[in-house]
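Asker: To be precise about what I am sending: the file is called upload.cif and holds mmCIF, C-alpha atoms.
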data_coords
loop_
_atom_site.label_atom_id
_atom_site.label_comp_id
_atom_site.auth_asym_id
_atom_site.auth_seq_id
_atom_site.Cartn_x
_atom_site.Cartn_y
_atom_site.Cartn_z
CA MET U 68 120.00 137.72 87.87
CA ASP U 69 122.81 135.44 89.01
CA LYS U 70 122.75 131.81 87.91
CA ILE U 71 121.65 129.09 90.34
CA ARG U 72 124.81 127.09 90.98
CA ILE U 73 124.04 123.37 91.24
CA ALA U 74 126.01 120.15 91.61
CA ILE U 75 124.69 116.79 90.43
CA ILE U 76 125.39 113.36 91.91
CA GLY U 77 124.94 110.68 89.23
CA ILE U 78 125.26 111.73 85.60
CA GLY U 79 122.67 109.27 84.30
CA ASN U 80 119.55 109.66 82.21
CA CYS U 81 117.83 112.06 84.62
CA ALA U 82 120.87 114.33 84.73
CA SER U 83 121.07 114.17 80.94
CA SER U 84 117.50 115.37 80.54
CA LEU U 85 117.90 118.13 83.11
CA ILE U 86 121.10 119.48 81.56
CA GLN U 87 119.70 119.27 78.02
CA GLY U 88 116.66 121.17 79.26
CA ILE U 89 118.73 124.01 80.70
CA TYR U 90 120.12 124.65 77.22
CA TYR U 91 116.94 123.81 75.32
CA TYR U 92 114.93 126.58 76.98
CA GLN U 93 117.62 129.26 76.54
CA ASP U 94 116.14 130.52 73.28
CA LYS U 95 112.49 130.00 74.24
CA GLU U 96 109.90 132.51 75.40
CA ALA U 97 107.09 131.91 77.86
CA ASP U 98 104.48 131.52 75.11
CA ASP U 99 106.33 128.77 73.22
CA ALA U 100 107.99 126.92 76.14
CA ILE U 101 106.33 123.51 76.03
CA GLY U 102 106.72 121.09 78.93
CA LEU U 103 107.10 123.42 81.91
CA MET U 104 104.84 123.79 84.93
CA HIS U 105 106.31 127.23 85.73
CA TRP U 106 108.18 129.44 83.28
CA ASP U 107 109.24 132.03 85.86
CA ILE U 108 109.84 131.24 89.54
CA GLY U 109 110.85 134.30 91.53
CA GLY U 110 112.51 135.79 88.45
CA TYR U 111 114.45 132.62 87.64
CA LEU U 112 113.90 130.95 84.26
CA PRO U 113 114.78 127.32 83.39
CA SER U 114 117.99 128.42 81.70
CA ASP U 115 119.18 130.14 84.88
CA LEU U 116 120.45 126.86 86.31
CA GLU U 117 124.19 126.31 85.98
CA VAL U 118 125.92 122.99 86.66
CA VAL U 119 129.21 123.85 88.37
CA ALA U 120 130.12 120.41 89.75
CA ALA U 121 129.25 116.80 88.89
CA PHE U 122 130.01 113.38 90.39
CA ASP U 123 129.79 109.87 88.95
CA ILE U 124 131.59 106.53 89.25
CA ASP U 125 131.46 105.25 85.64
CA GLN U 126 134.75 105.21 83.72
CA ARG U 127 133.03 106.53 80.58
CA LYS U 128 131.98 109.70 82.43
CA VAL U 129 134.60 110.41 85.10
CA GLY U 130 137.09 112.99 83.84
CA LYS U 131 134.89 114.01 80.91
CA ASP U 132 133.20 117.36 80.39
CA VAL U 133 129.71 117.02 81.88
CA ASN U 134 128.10 118.12 78.60
CA LYS U 135 129.78 115.17 76.89
CA ALA U 136 129.33 112.70 79.74
CA ILE U 137 125.53 112.98 79.66
CA PHE U 138 125.53 111.22 76.28
CA ALA U 139 127.87 108.37 77.32
CA PRO U 140 126.66 104.77 77.90
CA PRO U 141 124.73 103.42 79.62
CA ASN U 142 122.60 106.57 79.21
CA CYS U 143 119.80 105.89 76.76
CA THR U 144 117.27 108.67 77.19
CA GLN U 145 115.93 110.65 74.26
CA VAL U 146 118.28 113.36 73.00
CA PHE U 147 116.35 116.57 72.36
CA CYS U 148 119.25 119.06 72.58
CA PRO U 149 122.27 117.32 71.01
CA ASP U 150 124.71 120.11 70.17
CA LEU U 151 126.05 121.24 73.52
CA SER U 152 129.27 123.24 73.78
CA PRO U 153 131.77 122.12 76.42
CA SER U 154 130.79 123.42 79.84
CA GLY U 155 134.27 123.47 81.33
CA VAL U 156 132.99 121.33 84.23
CA LYS U 157 134.72 117.96 84.66
CA VAL U 158 132.86 114.98 86.10
CA GLU U 159 134.60 114.08 89.36
CA MET U 160 134.96 110.55 90.70
CA GLY U 161 132.46 110.07 93.50
CA CYS U 162 132.16 107.41 96.18
CA VAL U 163 130.66 104.03 95.20
CA LEU U 164 129.51 102.58 98.55
CA ASP U 165 126.25 100.69 97.77
CA GLY U 166 125.54 102.65 94.59
CA VAL U 167 126.22 99.68 92.29
CA ALA U 168 124.24 96.47 92.83
CA ALA U 169 126.30 93.26 92.48
CA HIS U 170 124.05 91.79 89.76
CA MET U 171 124.83 94.74 87.43
CA ALA U 172 128.19 93.08 86.63
CA GLU U 173 126.33 90.26 84.83
CA PHE U 174 125.09 92.53 82.01
CA ASP U 175 126.63 94.04 78.88
CA GLU U 176 128.55 97.23 79.60
CA ASN U 177 126.34 99.19 77.20
CA HIS U 178 123.48 98.62 79.64
CA THR U 179 125.22 98.67 83.01
CA PHE U 180 127.75 100.62 85.09
CA VAL U 181 131.50 100.24 84.55
CA VAL U 182 133.20 101.42 87.72
CA SER U 183 136.16 103.73 87.15
CA GLU U 184 139.58 102.71 88.45
CA GLU U 185 140.16 106.26 89.67
CA SER U 186 140.41 106.63 93.44
CA GLU U 187 137.12 107.34 95.14
CA LYS U 188 136.68 110.76 96.69
CA SER U 189 136.51 111.06 100.47
CA LYS U 190 133.84 113.09 102.22
CA GLU U 191 136.41 115.79 102.91
CA GLU U 192 137.35 116.00 99.22
CA ILE U 193 133.72 116.21 98.09
CA VAL U 194 132.92 118.88 100.67
CA LYS U 195 135.92 120.88 99.50
CA ILE U 196 134.75 120.71 95.86
CA LEU U 197 131.25 121.86 96.86
CA LYS U 198 132.71 124.79 98.77
CA ASP U 199 135.36 125.72 96.18
CA LYS U 200 132.73 125.72 93.41
CA ASP U 201 130.32 127.85 95.50
CA VAL U 202 127.61 125.22 95.01
CA GLU U 203 124.21 126.34 96.27
CA ILE U 204 122.11 123.23 95.63
CA LEU U 205 123.06 119.55 95.41
CA VAL U 206 120.79 117.37 93.25
CA ASN U 207 120.86 113.67 94.10
CA TYR U 208 120.27 111.25 91.20
CA LEU U 209 121.81 108.09 92.70
CA PRO U 210 120.36 104.66 91.79
CA VAL U 211 117.45 103.16 93.71
CA GLY U 212 118.63 101.23 96.75
CA SER U 213 121.73 103.37 97.37
CA GLU U 214 120.86 103.84 101.04
CA GLU U 215 124.40 104.23 102.32
CA ALA U 216 125.51 106.42 99.41
CA VAL U 217 122.56 108.82 99.71
CA ARG U 218 123.25 109.32 103.42
CA PHE U 219 126.93 109.87 102.65
CA TYR U 220 126.15 112.68 100.21
CA ALA U 221 123.55 114.15 102.57
CA GLU U 222 126.32 114.42 105.16
CA CYS U 223 128.48 116.15 102.54
CA ALA U 224 125.70 118.67 101.88
CA LEU U 225 125.30 119.35 105.60
CA GLU U 226 129.01 119.87 106.12
CA ALA U 227 129.36 122.09 103.05
CA GLY U 228 126.23 124.11 103.91
CA VAL U 229 124.60 123.22 100.59
CA ALA U 230 120.84 122.77 99.96
CA LEU U 231 119.73 119.26 98.95
CA ILE U 232 117.16 118.01 96.46
CA ASN U 233 116.76 114.28 97.01
CA SER U 234 115.23 112.82 93.85
CA MET U 235 115.65 109.22 95.02
CA PRO U 236 113.59 107.00 97.37
CA VAL U 237 115.92 107.05 100.35
CA PHE U 238 114.13 108.93 103.10
CA ILE U 239 116.15 112.00 104.06
CA VAL U 240 113.82 114.98 103.73
CA SER U 241 110.86 113.00 105.09
CA ASP U 242 112.92 111.70 108.02
CA PRO U 243 112.38 114.02 111.04
CA VAL U 244 115.90 113.40 112.37
CA TRP U 245 117.62 114.32 109.10
CA ALA U 246 115.23 117.22 108.52
CA ALA U 247 115.97 118.67 111.96
CA ARG U 248 119.71 118.62 111.24
CA PHE U 249 119.25 120.62 108.03
CA GLU U 250 116.83 123.04 109.69
CA GLU U 251 119.24 123.62 112.56
CA LYS U 252 121.87 124.73 110.05
CA GLY U 253 119.37 126.82 108.04
CA ILE U 254 119.71 124.65 104.90
CA PRO U 255 116.60 124.04 102.73
CA ILE U 256 115.82 120.52 101.54
CA VAL U 257 113.35 119.08 99.00
CA GLY U 258 112.40 115.39 98.71
CA ASP U 259 112.00 112.46 98.67
CA ASP U 260 111.69 110.53 95.35
CA ILE U 261 110.82 112.66 92.34
CA LYS U 262 107.44 112.41 90.63
CA ALA U 263 107.07 112.70 86.89
CA GLN U 264 105.05 115.49 85.33
CA ILE U 265 102.64 112.94 83.84
CA GLY U 266 103.82 109.55 85.03
CA ALA U 267 102.55 106.36 86.61
CA THR U 268 102.33 107.66 90.18
CA ILE U 269 100.74 111.04 89.44
CA THR U 270 98.18 109.36 87.12
CA HIS U 271 97.41 106.69 89.74
CA ARG U 272 97.02 109.36 92.45
CA THR U 273 94.74 111.46 90.27
CA LEU U 274 92.44 108.52 89.50
CA ALA U 275 92.43 107.39 93.14
CA ASN U 276 91.46 110.89 94.20
CA LEU U 277 88.75 110.93 91.53
CA PHE U 278 87.30 107.68 92.92
CA ARG U 279 87.19 109.22 96.39
CA GLU U 280 85.64 112.51 95.28
CA ARG U 281 82.98 110.77 93.18
CA GLY U 282 81.93 108.37 95.92
CA VAL U 283 83.38 105.22 94.31
CA LYS U 284 84.86 102.68 96.72
CA LEU U 285 88.26 101.54 95.48
CA GLU U 286 88.65 97.90 96.47
CA ARG U 287 91.89 96.84 94.81
CA THR U 288 94.49 98.20 92.43
CA TYR U 289 97.83 97.46 90.85
CA GLN U 290 100.47 99.44 88.98
CA LEU U 291 103.04 97.43 87.01
CA ASN U 292 105.92 99.23 85.34
CA THR U 293 108.51 98.07 82.80
CA GLY U 294 111.47 99.91 81.33
CA GLY U 295 114.89 99.45 79.80
CA ASN U 296 117.14 101.99 81.52
CA THR U 297 119.69 101.35 84.28
CA ASP U 298 117.07 102.18 86.92
CA PHE U 299 114.97 99.17 85.89
CA LEU U 300 118.05 96.98 85.50
CA ASN U 301 119.20 98.02 88.97
CA MET U 302 115.78 97.18 90.42
CA LEU U 303 115.97 93.54 89.28
CA ASN U 304 117.63 93.13 92.66
CA ARG U 305 114.42 93.11 94.70
CA SER U 306 116.33 93.66 97.95
CA ARG U 307 116.93 97.26 96.84
CA LEU U 308 113.24 97.99 96.37
CA ASP U 309 111.86 98.38 99.88
CA SER U 310 111.94 102.18 100.03
CA LYS U 311 110.90 102.53 96.37
CA LYS U 312 107.79 100.39 96.87
CA GLU U 313 106.95 102.21 100.10
CA SER U 314 107.34 105.59 98.40
CA LYS U 315 105.15 104.75 95.39
CA THR U 316 102.53 102.92 97.45
CA GLU U 317 102.22 105.66 100.06
CA ALA U 318 101.81 108.26 97.30
CA VAL U 319 98.58 106.52 96.28
CA GLN U 320 97.40 105.45 99.75
CA SER U 321 97.68 109.04 100.98
CA VAL U 322 94.89 110.31 98.71
CA LEU U 323 92.40 107.54 99.51
CA GLY U 324 89.52 108.15 101.88
CA LYS U 325 90.26 104.76 103.48
CA ARG U 326 93.59 103.00 103.13
CA LEU U 327 93.59 99.68 101.30
CA ASP U 328 94.83 96.53 102.97
CA SER U 329 98.31 95.63 101.73
CA GLU U 330 97.06 92.59 99.79
CA ASN U 331 94.73 94.83 97.75
CA ILE U 332 97.34 97.28 96.48
CA HIS U 333 100.45 96.44 94.50
CA ILE U 334 102.68 99.16 93.07
CA GLY U 335 106.17 98.62 91.77
CA PRO U 336 108.50 97.77 88.91
CA SER U 337 107.62 94.58 87.10
CA ASP U 338 110.49 93.86 84.74
CA TYR U 339 113.50 95.10 82.78
CA VAL U 340 113.03 95.17 78.99
CA PRO U 341 116.30 96.40 77.40
CA TRP U 342 114.83 97.55 74.07
CA GLN U 343 112.47 99.93 75.87
CA LYS U 344 115.53 102.02 76.88
CA ASP U 345 114.32 105.09 78.78
CA ASN U 346 110.70 104.53 77.79
CA LYS U 347 108.54 103.45 80.72
CA LEU U 348 105.33 101.49 80.32
CA CYS U 349 102.76 101.53 83.12
CA PHE U 350 99.93 99.00 83.27
CA LEU U 351 97.32 100.21 85.74
CA ARG U 352 94.14 98.54 86.96
CA MET U 353 91.65 99.85 89.51
CA GLU U 354 88.56 97.95 90.68
CA GLY U 355 85.77 99.52 92.69
CA LYS U 356 82.05 99.78 93.36
CA THR U 357 79.67 102.58 92.43
CA PHE U 358 76.03 103.35 93.24
CA GLY U 359 74.16 100.31 94.52
CA ASP U 360 77.43 98.38 95.06
CA VAL U 361 77.63 97.89 91.28
CA PRO U 362 81.21 96.91 90.27
CA MET U 363 83.36 98.87 87.81
CA ASN U 364 87.01 98.87 86.77
CA ILE U 365 89.53 100.95 84.86
CA GLU U 366 92.52 99.63 82.89
CA LEU U 367 95.11 102.05 81.55
CA ARG U 368 98.36 101.77 79.61
CA LEU U 369 100.73 104.74 79.88
CA SER U 370 103.91 105.21 77.83
CA VAL U 371 106.35 107.99 78.78
CA GLU U 372 110.01 108.85 78.33
CA ASP U 373 111.03 108.50 81.95
CA SER U 374 113.86 110.98 82.45
CA PRO U 375 112.55 114.13 80.70
CA ASN U 376 109.32 113.49 82.61
CA SER U 377 111.15 113.88 85.93
CA ALA U 378 113.37 116.78 84.79
CA GLY U 379 110.27 118.97 84.43
CA CYS U 380 109.72 118.62 88.18
CA VAL U 381 113.37 118.99 89.25
CA ILE U 382 113.75 122.25 87.33
CA ASP U 383 110.95 123.69 89.49
CA ALA U 384 112.31 122.17 92.71
CA VAL U 385 115.73 123.77 92.12
CA ARG U 386 114.27 127.23 91.56
CA CYS U 387 112.00 126.99 94.63
CA CYS U 388 115.00 125.86 96.66
CA LYS U 389 116.87 128.94 95.47
CA LEU U 390 114.04 131.17 96.71
CA ALA U 391 114.28 129.48 100.11
CA LEU U 392 118.01 130.22 100.21
CA GLU U 393 117.36 133.87 99.39
CA ARG U 394 114.67 134.07 102.08
CA GLY U 395 116.77 132.35 104.75
CA ILE U 396 114.43 129.37 105.11
CA GLY U 397 116.00 126.11 106.32
CA GLY U 398 114.67 122.57 106.63
CA GLN U 399 111.83 120.89 104.78
CA LEU U 400 110.19 122.85 101.95
CA THR U 401 106.70 121.43 102.41
CA SER U 402 104.93 122.83 99.35
CA ILE U 403 107.38 122.04 96.55
CA SER U 404 108.14 118.65 98.13
CA ALA U 405 104.44 117.73 98.15
CA PHE U 406 104.07 118.91 94.55
CA THR U 407 107.13 117.24 93.03
CA MET U 408 107.94 114.25 95.27
CA LYS U 409 106.31 110.85 95.89
CA HIS U 410 107.32 110.65 99.57
CA PRO U 411 107.33 114.25 100.89
CA PRO U 412 107.32 115.16 104.59
CA GLU U 413 103.58 115.91 104.32
CA GLN U 414 101.23 114.50 101.68
CA TYR U 415 98.60 116.71 100.04
CA THR U 416 96.35 116.22 97.03
CA ASP U 417 98.10 117.42 93.90
CA ASP U 418 95.75 120.33 93.22
CA LEU U 419 96.25 121.65 96.76
CA ALA U 420 100.02 121.14 96.53
CA ARG U 421 100.05 123.20 93.33
CA GLU U 422 98.21 126.04 95.11
CA MET U 423 100.69 125.85 97.97
CA VAL U 424 103.65 126.11 95.58
CA ASP U 425 102.17 129.17 93.89
CA GLU U 426 101.66 130.75 97.33
CA PHE U 427 105.27 129.95 98.23
CA ILE U 428 106.57 131.50 95.02
CA ALA U 429 104.50 134.62 95.68
CA GLY U 430 105.91 134.88 99.21
CA GLU U 431 102.53 134.16 100.82
CA ARG U 432 103.70 130.90 102.42
CA GLU U 433 106.92 130.37 104.35
CA ARG U 434 107.68 126.90 103.05
#
Let's see the structure in the file written out as structure tokens.
Answerer:
Amino acid sequence: MDKIRIAIIGIGNCASSLIQGIYYYQDKEADDAIGLMHWDIGGYLPSDLEVVAAFDIDQRKVGKDVNKAIFAPPNCTQVFCPDLSPSGVKVEMGCVLDGVAAHMAEFDENHTFVVSEESEKSKEEIVKILKDKDVEILVNYLPVGSEEAVRFYAECALEAGVALINSMPVFIVSDPVWAARFEEKGIPIVGDDIKAQIGATITHRTLANLFRERGVKLERTYQLNTGGNTDFLNMLNRSRLDSKKESKTEAVQSVLGKRLDSENIHIGPSDYVPWQKDNKLCFLRMEGKTFGDVPMNIELRLSVEDSPNSAGCVIDAVRCCKLALERGIGGQLTSISAFTMKHPPEQYTDDLAREMVDEFIAGERER
């Protein structure tokens, strides 16, 4: 089968894990392929993704081969596939807009972004690259809080006729106005804000759903997260967190029988700890009442490598998006968005979302 031709915006830790994974699974078989939710999706395997275009704004990545750029600072995720041959794909200078928070300039360059002096690309130039490279799917990995930049690249995707996977918490796919524009042009979209395979949000959702199903009244809960990658450094600027907090909070609220008052639920990043690098720590507490109004609580500490955890979901989202392209389906892809995203157009419990995805793959569900 032909490769799935993708472009990536933001060659950070998440892009590094995704690209490493494409190569890592090349010599694997279904029986020994650890870490995948689906080995085969419509005939497409994980190694059938091909990065044909890439955009970044960091001087240590722009102009470099993408297979080299994914290991450049400030990337700090775990390297599990180190020996990559050159891909022949050069990282293009993108458009900065609000993609770099002002406070990032206060930190050592090994931990923060260093903006390239190369001229920024215009929308017309980016659209031309997407068209010239025959890109099918654009994967957005911009930093949290890049509201203007995400909308800019969504416009590029629309104009180029390219499908969009929005891995970040800027609401495009879950916004009816944006979704209608993509559907009108017959372009599939998946989003918003990628979940991890086993991360803080999916664990919190699962436990919240367990409380509901077992008749336990959840009265209050918090989820505090720390990490040492650029995402956590970027989020020290609390003004960039509104959509991220909404996305993570709604992911949990949506599975509760009765929504919690805002003062009884707190979900969000807590602090930046440089030595943690791409490792994310989640501290979770849930308090409730069981039979006879007897109180109980759960405390949990979760440690995960953040970026590989998300790549396992994106690699499924890309392949489902490809099936939608082949089937002529435009607009929101409800099933794979609900399964892989924190803030999808429609929220479902995770077990139901998984069933819906399998039905979509089998051709038994339109979207």
Asker: If the PyMOL selection byres ((chain U and resi 396-401) around 8) is run on the structure shown, which residues does it catch, given as a short mmCIF file (atom, residue, chain, number, x, y, z; two decimals) with C-alpha atoms, in the coordinates of the input?
Answerer:
data_model
loop_
_atom_site.label_atom_id
_atom_site.label_comp_id
_atom_site.auth_asym_id
_atom_site.auth_seq_id
_atom_site.Cartn_x
_atom_site.Cartn_y
_atom_site.Cartn_z
CA VAL U 240 113.82 114.98 103.73
CA SER U 241 110.86 113.00 105.09
CA ALA U 246 115.23 117.22 108.52
CA ALA U 247 115.97 118.67 111.96
CA ARG U 248 119.71 118.62 111.24
CA PHE U 249 119.25 120.62 108.03
CA GLU U 250 116.83 123.04 109.69
CA GLU U 251 119.24 123.62 112.56
CA LYS U 252 121.87 124.73 110.05
CA GLY U 253 119.37 126.82 108.04
CA ILE U 254 119.71 124.65 104.90
CA PRO U 255 116.60 124.04 102.73
CA ILE U 256 115.82 120.52 101.54
CA VAL U 257 113.35 119.08 99.00
CA CYS U 388 115.00 125.86 96.66
CA ALA U 391 114.28 129.48 100.11
CA LEU U 392 118.01 130.22 100.21
CA GLU U 393 117.36 133.87 99.39
CA ARG U 394 114.67 134.07 102.08
CA GLY U 395 116.77 132.35 104.75
CA SER U 402 104.93 122.83 99.35
CA ILE U 403 107.38 122.04 96.55
CA SER U 404 108.14 118.65 98.13
CA ALA U 405 104.44 117.73 98.15
CA PRO U 411 107.33 114.25 100.89
CA PRO U 412 107.32 115.16 104.59
CA GLU U 413 103.58 115.91 104.32
CA GLU U 433 106.92 130.37 104.35
CA ARG U 434 107.68 126.90 103.05
#
Asker: Compare U:Ile334, U:Ile261, U:Ile365, U:Ala227 by their minimum atom-to-atom distance to Lys315 of chain U, counting all atoms listed in the file, and give me the closest one.
Answerer: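 The shortest atom-to-atom distance to Lys315 of chain U comes from U:Ile334.
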Asker: Quick one: of U:Asn177, U:Ser154, U:Gln343, U:Ser321, who's nearest to Gly294 of chain U, counting all atoms listed in the file?
Answerer: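 Of U:Asn177, U:Ser154, U:Gln343, U:Ser321, the one nearest Gly294 of chain U, counting all atoms listed in the file, is U:Gln343.
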Asker: Which neighbours of segment 424-430 of chain U fall inside 8 Å, counting only C-alpha atoms, when residues of the same chain fewer than 6 positions from it are skipped, and could you give them as an NGL selection string?
Answerer: :U and (108-109 or 387 or 390 or 402-403 or 406)
Asker: Counting all atoms listed in the file, which residues in segment 346-424 of chain U sit no more than 10 Å from segment 277-280 of chain U? For each one, give the nearest pair of atoms and the distance in Å, sorted by chain then residue number, as JSON lines.
Answerer:
{"residue": "U:Met353", "atom": "CA", "partner": "U:Phe278", "partner_atom": "CA", "distance": 9.6}
{"residue": "U:Gly355", "atom": "CA", "partner": "U:Phe278", "partner_atom": "CA", "distance": 8.3}
{"residue": "U:Lys356", "atom": "CA", "partner": "U:Phe278", "partner_atom": "CA", "distance": 9.5}
{"residue": "U:Thr357", "atom": "CA", "partner": "U:Phe278", "partner_atom": "CA", "distance": 9.2}
Asker: Quick one: which residues end up in the PyMOL selection byres ((chain U and resi 213) around 8) for this structure, as a PyMOL selection string?
Answerer: chain U and resi 164-167+209-212+214-217+237+307
Asker: List the residues matched by the PyMOL selection byres ((chain U and resi 208) around 8) in the displayed structure as a list in words, ordered by chain and then by residue number.
Answerer: Ile75, Ile76, Gly77, Ile78, Gly79, Cys81, Ala82, Val206, Asn207, Leu209, Pro210, Asn233, Ser234 and Met235 of chain U
Asker: To one decimal in Å, tell me the separation between atom CA of Ile204 of chain U and atom CA of Ile124 of chain U.
Answerer: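 Result for atom CA of Ile204 of chain U versus atom CA of Ile124 of chain U: 20.2 Å, one decimal.
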Asker: Need to verify the contact set: Tyr91 of chain U, 8 Å, all atoms listed in the file, exclusion of same-chain residues closer than 4 positions in sequence. Can you return it as a PDB file with C-alpha atoms, keeping the file's coordinate frame?
Answerer:
ATOM      1  CA  GLN U  87     119.700 119.270  78.020  1.00  0.00           C
ATOM      2  CA  LYS U  95     112.490 130.000  74.240  1.00  0.00           C
ATOM      3  CA  SER U 114     117.990 128.420  81.700  1.00  0.00           C
ATOM      4  CA  PHE U 147     116.350 116.570  72.360  1.00  0.00           C
ATOM      5  CA  CYS U 148     119.250 119.060  72.580  1.00  0.00           C
TER       6      CYS U 148
END
Asker: Calculate how many Å separate atom CA of Pro375 of chain U from atom CA of Asp345 of chain U, rounding to one decimal.
Answerer: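 Straight-line distance from atom CA of Pro375 of chain U to atom CA of Asp345 of chain U works out to 9.4 Å.
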Asker: Kindly indicate which residue among U:Met408, U:Ala97, U:Leu303, U:Val156 lies nearest to Glu173 of chain U, using only C-alpha atoms for the distances.
Answerer: U:Leu303
Asker: Can you tell me, as a count of residues only, what residues are no more than 7 Å from Leu291 of chain U when counting all atoms listed in the file, ignoring any on the same chain fewer than 2 positions away?
Answerer: 9
Asker: Compare U:Arg326, U:Lys409, U:Lys70, U:Arg386 by their minimum atom-to-atom distance to Phe238 of chain U, counting only C-alpha atoms, and give me the closest one.
Answerer: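 Distance minimum relative to Phe238 of chain U lands on U:Lys409.
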